[in-house]
Amino acid sequence: MAPSAIGEFEQLVLLAVVRLESQGYAVTIRHEIEEQTGRRVSRGAVYMTLERLQDKGLLRSHLADPTPERGGRSKRIYAITPIALIALRDARRALLRMWADIETALERV
Amino acid sequence: MTKPLDLPLRILEAVLPMHAREEVLGDLQEEWDSVAKARGPWLAAAWCAAHALILSIWFATRLPWLQGITGDVRAVWRGWQHSFAVVLTLALGLGANTTIFSVVNGVLLRPLPYDQPERLVQIQSRQLRTEARPVGNSLADYLDLRDQNRTFERVATFTTLDFNLPGEGMAPLPVRVNFASSELFSLLGVPPHLGRAFVHAEERPANDLYSVILSYDLWRRRFNADTATLGRVITLDTTDYTVVGVMPPGFRFPDNADAWAPIESWFDRAKRTMRSFTRNARGWAVVGRLRADVAEPAARRDLDSIAERLEREYPQTNTGVRFSMAPLRDSQIADIRPYLLPLLGAAGFVFLVSCVNVTNLLLARATERRTELAVRIALGASRNRVVRHLVVESTTLALLGGALGVLVSIVSVRALRASIPIDLPLWITFDLDWRVLAYAWLLALAVGLAAGVVPALRVVRQDQQHALKEGSRGTVGSRATAFGRAALVASAVAFSLLLLVGAGLMLRSFSKLLRVAPGFQPDGLLVVYVSPPGDRYVATPPLPAYTSLYQRIIERLQSIPGVEAAAGSRVIPYDGRNAIRQPGPVTLDGQGSSEQERNALVRGVVIAPDYFRATRIPLSRGRPFNEHETQAHPRVAIVNEAMARRFWPDVDPIGKRLKSGNAASPGEWFTVVGVAGNVKYSGLHVDSDLTVYYPYTQMGAGDFHLIVRTHGAPLEAVSAVQREIWAVDPDLAIYNMRTMTSILASSLWQQRLWTAVLLVFAVIAVALALVGIHGILAWSIRQRSRELGVRLALGAPPASVIALILGQGMTLASVGIVIGLMASAVLTRTLSPLLFGITSMDPLTWIAVSLTLAIFCAVACYIPARRAAAIDPIAALKHK
């Protein structure tokens, strides 16, 4: 199955999942994005995106054991799928190609 | 540690999809935990609630069914021009309707603030032989009525008089005291807020002091709502009373009383008993409470049999006198009531016009979008989805229109209340209450659903193939739709013509009323009402106490610089109280009683000598009164021209003699010394009463209207007038000082206000109808742009296109006007009782109104017609 094109925010979420070594859940994923990009991210957007990425087959998830500090509720841990890795690689490549030779030009503007 | 707030989490849980609950709620709890550790439990709770709600909204907007509706609502927003037109149209229609409904609610629907008010009736006497309006009752008749009836639980009598309430170091306060028999409070079934009501024993007070009950308002204003007021002794004029109770807020029976005192206290002041009053003095209001098991007809029969018995026993005074009975509410709203039905009707028509327009707008939109919807259905959108879309769209518009309409009516009810003077009983309040609100929203919803469902069903039922083909040819809209829309527009024109005719009639009647010559010159007159303490200035006898009081006051008033003349009169024109001071019979020397002989009642007016000079009422014959005509001199009178013509048509009235009352009444004979011009005492809209003037130096005067004619603006003299009056008697309360012009203006408030309201309605309706005509033409031009383009391309002159469109529009307009005229012929009859000087079929109004509307319609047609003539044929042919 060919990976579908991924949007910018989707990329950020996928990268955060990768950075968290497939141990991330919504709270930590959001923190990771906020920390690395310095921008505020709404919880709702994160949940929506996580759900969409699962639907696209780019993420899979499982429920961890319930913990007391979560009021006895479980975390949903997200892990990256092979297709997502391909999609990320493609996206990176495409971007790098587009960036090639113009980074210095942009610096000058 | 506190737990996160429960409710927001519950809400969130409810909107979360099943598979996300565990995760999202757990995450929130976890984050709350860390926030609580960092910032404390309270902030954390707030944080958690806020985020739960934000997330709820996030997820709620993703719910599939809600997502559809939000999309539909967004669609409403996208077509904002159209939506704006619909919402505004609805708001105007609803606003007009809700406003008038609030008035109707306040006047007709809201129960009187008494216990079981539907059983309360007002009982009046009426003379069978004359056509005079029913009047009050005599006290002796009341006593018989109270003791002999078998159908009333209780019967009470009362009268309202003006008093001065002197206060330590304060200006005397004018108060309206209602003298009532002790039954009144138990009859009304309203317990006092503080203290007690009257008991039957009040008739003989134990400590020589009668009781008084204060209104809540007076208690607050004058006694600072101090509970120690109970038991205090207060002085009304010069008589002391003990305060025994305070009525609840809003209780001002019969309309705006400040205090209530036992009726016996009033007789004591006059050194009389109830029985000692003649049965001819019918000035007392009587109210009764029907027994629960008695129907109205039985009560009427009971009253009739009592009246017949009294007629046999007292033929002198009671021949032909019967009791009439009406619901208490009716008697209090008699003046305003005739206006309400036409107004409610008018508001209804405004609403109809706005509904017609809204339907039209929605239909137009639906037909224009038929192709779009057909494409959607063809591409697989479910029909339900499409219907829901249309219904949601129109309901949203209706609700928005309803909300705006409620706003419009809040503002206009306020404006209306501000423009109504205090003539109305105080229990009448025009507030928007839940009933009015519910009514507005229900109407809005009904319109929305009706206007939304009809086009929705049409779209779904239609043959999609056909619609697609039609769309491609650019002739969207079936014949039936076009006809339906045309009918709607014609009916809007008809309704607005109807309203315009109504408003035109009222306007013309009002302008006629304003042009009526009142018989005197109102501008430049200041009127001051004084009611001196009766016990200090006893009226009869000795007369001179009042006379010298007024003589001194008038002398001082005349000496004020800038005052041209000062006088006084017991009756002034257009005064609301004139209705109470009914004209009575007079007896002509050698001709018998005017009432029996000529079926005529005469208004007696007691005046000070300079009255004619101050008011500039012309004397056509004879002479005015002078100060020297006292009780020691032969009695003199001046009659008005109407009276002279009626009683002495062919002879000179000067020197003729008359007396007040029946032939049998003991009064003295007055010799006519002059004839004065006619004055419209009872209001501009009624013919001048037959009037006879008596000098106050011979008749005496209790309360008096002091009349001052000034050279400059009358209100500039106010403080000087007050100073001079108080120089004579500092305890004299001065009741509302007004200019005669303002009295005149406020006597016309009903005509003025309701004419204005009707005019506003008519303008709204006409504007809506014109928008409708314009809209349908613009729509039909869009539909026919290809055809019109072909015509123009083939060489048709633009003028012919203009004529074509104009003809199409004006056909609609004329159909509407003709139907409107027919409807007006029937419906404006309800206005007849309100019109002055014209009939409801006044030809001038009808022609002027039809022409005006036709011209406006022509303009509304011309604008799209010109646009049609300017169509670029090439662009039109390429279009679609």
# chains A, B, ... in the order shown; residues from 1 in each chain; ligands from 1

call {"tool": "closest_atom_pairs", "arguments": {"of": "chain B", "to": "chain A", "cutoff": "10 Å", "atoms": "only C-alpha atoms", "output": "JSON lines"}}
result
{"residue": "B:Lys3", "atom": "CA", "partner": "A:Gly71", "partner_atom": "CA", "distance": 9.9}
{"residue": "B:Ala20", "atom": "CA", "partner": "A:Tyr47", "partner_atom": "CA", "distance": 8.6}
{"residue": "B:Arg21", "atom": "CA", "partner": "A:Arg73", "partner_atom": "CA", "distance": 9.3}
{"residue": "B:Glu22", "atom": "CA", "partner": "A:Arg73", "partner_atom": "CA", "distance": 5.9}
{"residue": "B:Glu23", "atom": "CA", "partner": "A:Lys75", "partner_atom": "CA", "distance": 5.5}
{"residue": "B:Val24", "atom": "CA", "partner": "A:Tyr47", "partner_atom": "CA", "distance": 8.0}
{"residue": "B:Leu25", "atom": "CA", "partner": "A:Arg73", "partner_atom": "CA", "distance": 7.6}
{"residue": "B:Gly26", "atom": "CA", "partner": "A:Arg70", "partner_atom": "CA", "distance": 4.8}
{"residue": "B:Asp27", "atom": "CA", "partner": "A:Val27", "partner_atom": "CA", "distance": 6.3}
{"residue": "B:Leu28", "atom": "CA", "partner": "A:Arg70", "partner_atom": "CA", "distance": 7.9}
{"residue": "B:Gln29", "atom": "CA", "partner": "A:Arg70", "partner_atom": "CA", "distance": 5.2}
{"residue": "B:Glu30", "atom": "CA", "partner": "A:Arg70", "partner_atom": "CA", "distance": 4.8}
{"residue": "B:Glu31", "atom": "CA", "partner": "A:Val27", "partner_atom": "CA", "distance": 7.8}
{"residue": "B:Trp32", "atom": "CA", "partner": "A:Arg70", "partner_atom": "CA", "distance": 9.1}
{"residue": "B:Asp33", "atom": "CA", "partner": "A:Glu69", "partner_atom": "CA", "distance": 7.0}
{"residue": "B:Ser34", "atom": "CA", "partner": "A:Glu69", "partner_atom": "CA", "distance": 9.3}
{"residue": "B:His51", "atom": "CA", "partner": "A:Arg43", "partner_atom": "CA", "distance": 8.6}
{"residue": "B:Ile54", "atom": "CA", "partner": "A:Gly44", "partner_atom": "CA", "distance": 8.0}
{"residue": "B:Leu55", "atom": "CA", "partner": "A:Gly44", "partner_atom": "CA", "distance": 5.7}
{"residue": "B:Ser56", "atom": "CA", "partner": "A:Gly44", "partner_atom": "CA", "distance": 8.9}
{"residue": "B:Ile57", "atom": "CA", "partner": "A:Gly44", "partner_atom": "CA", "distance": 8.9}
{"residue": "B:Trp58", "atom": "CA", "partner": "A:Gly44", "partner_atom": "CA", "distance": 5.8}
{"residue": "B:Phe59", "atom": "CA", "partner": "A:Gly44", "partner_atom": "CA", "distance": 7.4}
{"residue": "B:Arg62", "atom": "CA", "partner": "A:Met48", "partner_atom": "CA", "distance": 9.1}

call {"tool": "write_last_selection", "arguments": {"atoms": "C-alpha atoms", "output": "PDB file, in the first residue's frame"}}
result
ATOM      1  CA  LYS B   3     -11.171  15.971  42.692  1.00  0.00           C
ATOM      2  CA  ALA B  20     -11.334   7.591  22.921  1.00  0.00           C
ATOM      3  CA  ARG B  21     -12.822   7.825  26.412  1.00  0.00           C
ATOM      4  CA  GLU B  22     -10.189   5.905  28.309  1.00  0.00           C
ATOM      5  CA  GLU B  23      -7.356   7.785  26.678  1.00  0.00           C
ATOM      6  CA  VAL B  24      -8.675  11.359  26.757  1.00  0.00           C
ATOM      7  CA  LEU B  25     -10.150  11.261  30.255  1.00  0.00           C
ATOM      8  CA  GLY B  26      -7.025   9.588  31.606  1.00  0.00           C
ATOM      9  CA  ASP B  27      -4.785  12.172  29.987  1.00  0.00           C
ATOM     10  CA  LEU B  28      -6.846  14.996  31.409  1.00  0.00           C
ATOM     11  CA  GLN B  29      -6.744  13.490  34.879  1.00  0.00           C
ATOM     12  CA  GLU B  30      -3.004  13.045  34.653  1.00  0.00           C
ATOM     13  CA  GLU B  31      -2.427  16.621  33.552  1.00  0.00           C
ATOM     14  CA  TRP B  32      -4.799  17.892  36.189  1.00  0.00           C
ATOM     15  CA  ASP B  33      -2.752  16.045  38.732  1.00  0.00           C
ATOM     16  CA  SER B  34       0.442  17.814  37.702  1.00  0.00           C
ATOM     17  CA  HIS B  51     -10.087  22.076  29.118  1.00  0.00           C
ATOM     18  CA  ILE B  54     -12.872  22.934  25.144  1.00  0.00           C
ATOM     19  CA  LEU B  55     -12.294  19.279  24.354  1.00  0.00           C
ATOM     20  CA  SER B  56     -16.045  18.664  24.511  1.00  0.00           C
ATOM     21  CA  ILE B  57     -16.541  21.262  21.831  1.00  0.00           C
ATOM     22  CA  TRP B  58     -13.710  19.778  19.762  1.00  0.00           C
ATOM     23  CA  PHE B  59     -15.217  16.338  19.861  1.00  0.00           C
ATOM     24  CA  ARG B  62     -16.822  15.904  15.098  1.00  0.00           C
TER      25      ARG B  62
END

call {"tool": "residues_around", "arguments": {"residues": "Glu183 (chain B)", "least_positions_apart": "4", "cutoff": "12 Å", "atoms": "only C-alpha atoms", "output": "PDB file with N, CA and C atoms, in the first residue's frame"}}
result
ATOM      1  N   ARG B 146     -76.599  47.032  48.830  1.00  0.00           N
ATOM      2  CA  ARG B 146     -75.785  46.179  49.694  1.00  0.00           C
ATOM      3  C   ARG B 146     -76.680  45.286  50.546  1.00  0.00           C
ATOM      4  N   GLU B 153     -71.499  38.427  47.059  1.00  0.00           N
ATOM      5  CA  GLU B 153     -70.868  38.091  48.317  1.00  0.00           C
ATOM      6  C   GLU B 153     -70.683  39.367  49.130  1.00  0.00           C
ATOM      7  N   ARG B 154     -70.167  40.392  48.436  1.00  0.00           N
ATOM      8  CA  ARG B 154     -69.946  41.685  49.090  1.00  0.00           C
ATOM      9  C   ARG B 154     -70.131  42.791  48.060  1.00  0.00           C
ATOM     10  N   VAL B 155     -70.547  43.946  48.550  1.00  0.00           N
ATOM     11  CA  VAL B 155     -70.645  45.126  47.688  1.00  0.00           C
ATOM     12  C   VAL B 155     -69.992  46.276  48.444  1.00  0.00           C
ATOM     13  N   ALA B 156     -69.105  47.005  47.783  1.00  0.00           N
ATOM     14  CA  ALA B 156     -68.432  48.117  48.457  1.00  0.00           C
ATOM     15  C   ALA B 156     -68.555  49.367  47.603  1.00  0.00           C
ATOM     16  N   THR B 157     -68.475  50.504  48.261  1.00  0.00           N
ATOM     17  CA  THR B 157     -68.498  51.752  47.507  1.00  0.00           C
ATOM     18  C   THR B 157     -67.250  52.545  47.859  1.00  0.00           C
ATOM     19  N   PHE B 158     -66.864  53.412  46.964  1.00  0.00           N
ATOM     20  CA  PHE B 158     -65.668  54.213  47.233  1.00  0.00           C
ATOM     21  C   PHE B 158     -65.676  55.451  46.357  1.00  0.00           C
ATOM     22  N   PHE B 179     -61.739  56.814  49.681  1.00  0.00           N
ATOM     23  CA  PHE B 179     -62.650  56.584  50.813  1.00  0.00           C
ATOM     24  C   PHE B 179     -63.519  55.402  50.475  1.00  0.00           C
ATOM     25  N   LEU B 187     -63.442  42.311  50.047  1.00  0.00           N
ATOM     26  CA  LEU B 187     -64.038  42.078  48.738  1.00  0.00           C
ATOM     27  C   LEU B 187     -62.950  41.819  47.696  1.00  0.00           C
ATOM     28  N   LEU B 188     -61.896  42.623  47.745  1.00  0.00           N
ATOM     29  CA  LEU B 188     -60.816  42.454  46.766  1.00  0.00           C
ATOM     30  C   LEU B 188     -59.963  41.239  47.105  1.00  0.00           C
ATOM     31  N   GLY B 189     -59.979  40.861  48.382  1.00  0.00           N
ATOM     32  CA  GLY B 189     -59.220  39.682  48.782  1.00  0.00           C
ATOM     33  C   GLY B 189     -57.721  39.906  48.793  1.00  0.00           C
ATOM     34  N   VAL B 190     -57.305  41.140  49.057  1.00  0.00           N
ATOM     35  CA  VAL B 190     -55.868  41.412  49.137  1.00  0.00           C
ATOM     36  C   VAL B 190     -55.536  41.765  50.581  1.00  0.00           C
ATOM     37  N   ALA B 197     -56.433  45.444  57.697  1.00  0.00           N
ATOM     38  CA  ALA B 197     -57.374  46.162  56.850  1.00  0.00           C
ATOM     39  C   ALA B 197     -58.432  46.793  57.745  1.00  0.00           C
ATOM     40  N   PHE B 198     -59.434  47.434  57.139  1.00  0.00           N
ATOM     41  CA  PHE B 198     -60.490  48.031  57.957  1.00  0.00           C
ATOM     42  C   PHE B 198     -61.355  46.935  58.543  1.00  0.00           C
ATOM     43  N   VAL B 199     -61.866  47.185  59.731  1.00  0.00           N
ATOM     44  CA  VAL B 199     -62.856  46.278  60.291  1.00  0.00           C
ATOM     45  C   VAL B 199     -64.182  47.006  60.292  1.00  0.00           C
ATOM     46  N   HIS B 200     -65.239  46.246  60.460  1.00  0.00           N
ATOM     47  CA  HIS B 200     -66.552  46.864  60.338  1.00  0.00           C
ATOM     48  C   HIS B 200     -66.764  47.953  61.380  1.00  0.00           C
ATOM     49  N   ALA B 201     -66.121  47.796  62.532  1.00  0.00           N
ATOM     50  CA  ALA B 201     -66.300  48.735  63.631  1.00  0.00           C
ATOM     51  C   ALA B 201     -65.758  50.128  63.323  1.00  0.00           C
ATOM     52  N   GLU B 202     -65.068  50.269  62.164  1.00  0.00           N
ATOM     53  CA  GLU B 202     -64.501  51.570  61.843  1.00  0.00           C
ATOM     54  C   GLU B 202     -65.567  52.656  61.806  1.00  0.00           C
ATOM     55  N   GLU B 203     -66.811  52.208  61.643  1.00  0.00           N
ATOM     56  CA  GLU B 203     -67.843  53.220  61.489  1.00  0.00           C
ATOM     57  C   GLU B 203     -67.943  54.111  62.727  1.00  0.00           C
ATOM     58  N   ALA B 261     -59.095  55.339  53.373  1.00  0.00           N
ATOM     59  CA  ALA B 261     -59.666  55.696  54.665  1.00  0.00           C
ATOM     60  C   ALA B 261     -61.116  55.239  54.670  1.00  0.00           C
ATOM     61  N   PRO B 262     -61.679  54.982  55.866  1.00  0.00           N
ATOM     62  CA  PRO B 262     -63.073  54.537  55.918  1.00  0.00           C
ATOM     63  C   PRO B 262     -63.983  55.647  55.398  1.00  0.00           C
ATOM     64  N   ILE B 263     -64.990  55.250  54.687  1.00  0.00           N
ATOM     65  CA  ILE B 263     -65.889  56.205  54.057  1.00  0.00           C
ATOM     66  C   ILE B 263     -66.549  57.094  55.114  1.00  0.00           C
ATOM     67  N   VAL B 286     -69.297  51.798  42.725  1.00  0.00           N
ATOM     68  CA  VAL B 286     -69.670  50.625  43.499  1.00  0.00           C
ATOM     69  C   VAL B 286     -69.061  49.393  42.831  1.00  0.00           C
ATOM     70  N   VAL B 287     -68.435  48.561  43.652  1.00  0.00           N
ATOM     71  CA  VAL B 287     -67.847  47.348  43.122  1.00  0.00           C
ATOM     72  C   VAL B 287     -68.414  46.174  43.918  1.00  0.00           C
ATOM     73  N   GLY B 288     -68.653  45.076  43.219  1.00  0.00           N
ATOM     74  CA  GLY B 288     -69.235  43.928  43.897  1.00  0.00           C
ATOM     75  C   GLY B 288     -68.484  42.653  43.566  1.00  0.00           C
ATOM     76  N   ARG B 289     -68.567  41.688  44.466  1.00  0.00           N
ATOM     77  CA  ARG B 289     -68.007  40.369  44.175  1.00  0.00           C
ATOM     78  C   ARG B 289     -69.162  39.381  44.064  1.00  0.00           C
TER      79      ARG B 289
END

call {"tool": "closest_residue", "arguments": {"among": "B:Val692, B:Leu230, B:Leu507, B:Val493", "to": "Val818 (chain B)", "atoms": "only C-alpha atoms"}}
result
B:Val493

call {"tool": "residues_around", "arguments": {"residues": "Gln808 (chain B)", "least_positions_apart": "3", "cutoff": "10 Å", "atoms": "only C-alpha atoms", "output": "list in words"}}
result
Ala486, Leu777, Ser780, Ile802, Ala803, Leu804, Ile805, Thr811, Leu812, Ala813, Cys861 and Ala865 of chain B

call {"tool": "closest_residue", "arguments": {"among": "B:Thr235, B:Ser419, B:Ser850, B:Thr317", "to": "Pro172 (chain B)", "atoms": "only C-alpha atoms"}}
result
B:Thr235

call {"tool": "select_by_dssp", "arguments": {"residues": "region 562-680 of chain B", "states": "strand (DSSP E)", "output": "PyMOL selection string"}}
result
chain B and resi 563-569+586-588+592-593+602-607+619-622+636-640+657-660+670-676

call {"tool": "residues_around", "arguments": {"residues": "Gln11 (chain A)", "least_positions_apart": "2", "cutoff": "12 Å", "atoms": "only C-alpha atoms", "output": "MDAnalysis selection string"}}
result
chainID A and resid 4:9 13:18 33 46 49:50 53 58:59 80 84:92 95

call {"tool": "write_last_selection", "arguments": {"atoms": "C-alpha atoms", "output": "PDB file, in the first residue's frame"}}
result
ATOM      1  CA  SER A   4      -0.626   8.712   1.361  1.00  0.00           C
ATOM      2  CA  ALA A   5       0.678  12.249   1.449  1.00  0.00           C
ATOM      3  CA  ILE A   6       0.969  13.670   4.943  1.00  0.00           C
ATOM      4  CA  GLY A   7       0.265  17.212   6.114  1.00  0.00           C
ATOM      5  CA  GLU A   8       2.605  19.369   8.117  1.00  0.00           C
ATOM      6  CA  PHE A   9       0.980  18.822  11.491  1.00  0.00           C
ATOM      7  CA  VAL A  13       2.964  14.263  15.270  1.00  0.00           C
ATOM      8  CA  LEU A  14       4.633  11.306  13.537  1.00  0.00           C
ATOM      9  CA  LEU A  15       8.088  12.729  14.266  1.00  0.00           C
ATOM     10  CA  ALA A  16       7.180  13.237  17.908  1.00  0.00           C
ATOM     11  CA  VAL A  17       6.085   9.589  18.101  1.00  0.00           C
ATOM     12  CA  VAL A  18       9.430   8.568  16.606  1.00  0.00           C
ATOM     13  CA  ILE A  33       5.906  19.126  19.752  1.00  0.00           C
ATOM     14  CA  VAL A  46      -3.545  16.235  18.752  1.00  0.00           C
ATOM     15  CA  THR A  49      -4.594  13.917  14.264  1.00  0.00           C
ATOM     16  CA  LEU A  50      -3.640  10.792  16.170  1.00  0.00           C
ATOM     17  CA  LEU A  53      -3.032   8.846  11.407  1.00  0.00           C
ATOM     18  CA  LEU A  58       0.540   5.420   9.870  1.00  0.00           C
ATOM     19  CA  LEU A  59       0.278   4.766  13.599  1.00  0.00           C
ATOM     20  CA  ILE A  80       5.037   4.202  14.323  1.00  0.00           C
ATOM     21  CA  ALA A  84       4.780   5.854   8.249  1.00  0.00           C
ATOM     22  CA  LEU A  85       8.540   5.561   8.189  1.00  0.00           C
ATOM     23  CA  ILE A  86       8.449   5.372   4.397  1.00  0.00           C
ATOM     24  CA  ALA A  87       6.085   8.314   4.261  1.00  0.00           C
ATOM     25  CA  LEU A  88       8.313  10.332   6.564  1.00  0.00           C
ATOM     26  CA  ARG A  89      11.386   9.487   4.576  1.00  0.00           C
ATOM     27  CA  ASP A  90       9.640  10.478   1.342  1.00  0.00           C
ATOM     28  CA  ALA A  91       8.460  13.693   2.842  1.00  0.00           C
ATOM     29  CA  ARG A  92      11.901  14.518   4.126  1.00  0.00           C
ATOM     30  CA  LEU A  95      11.536  18.720   1.286  1.00  0.00           C
TER      31      LEU A  95
END
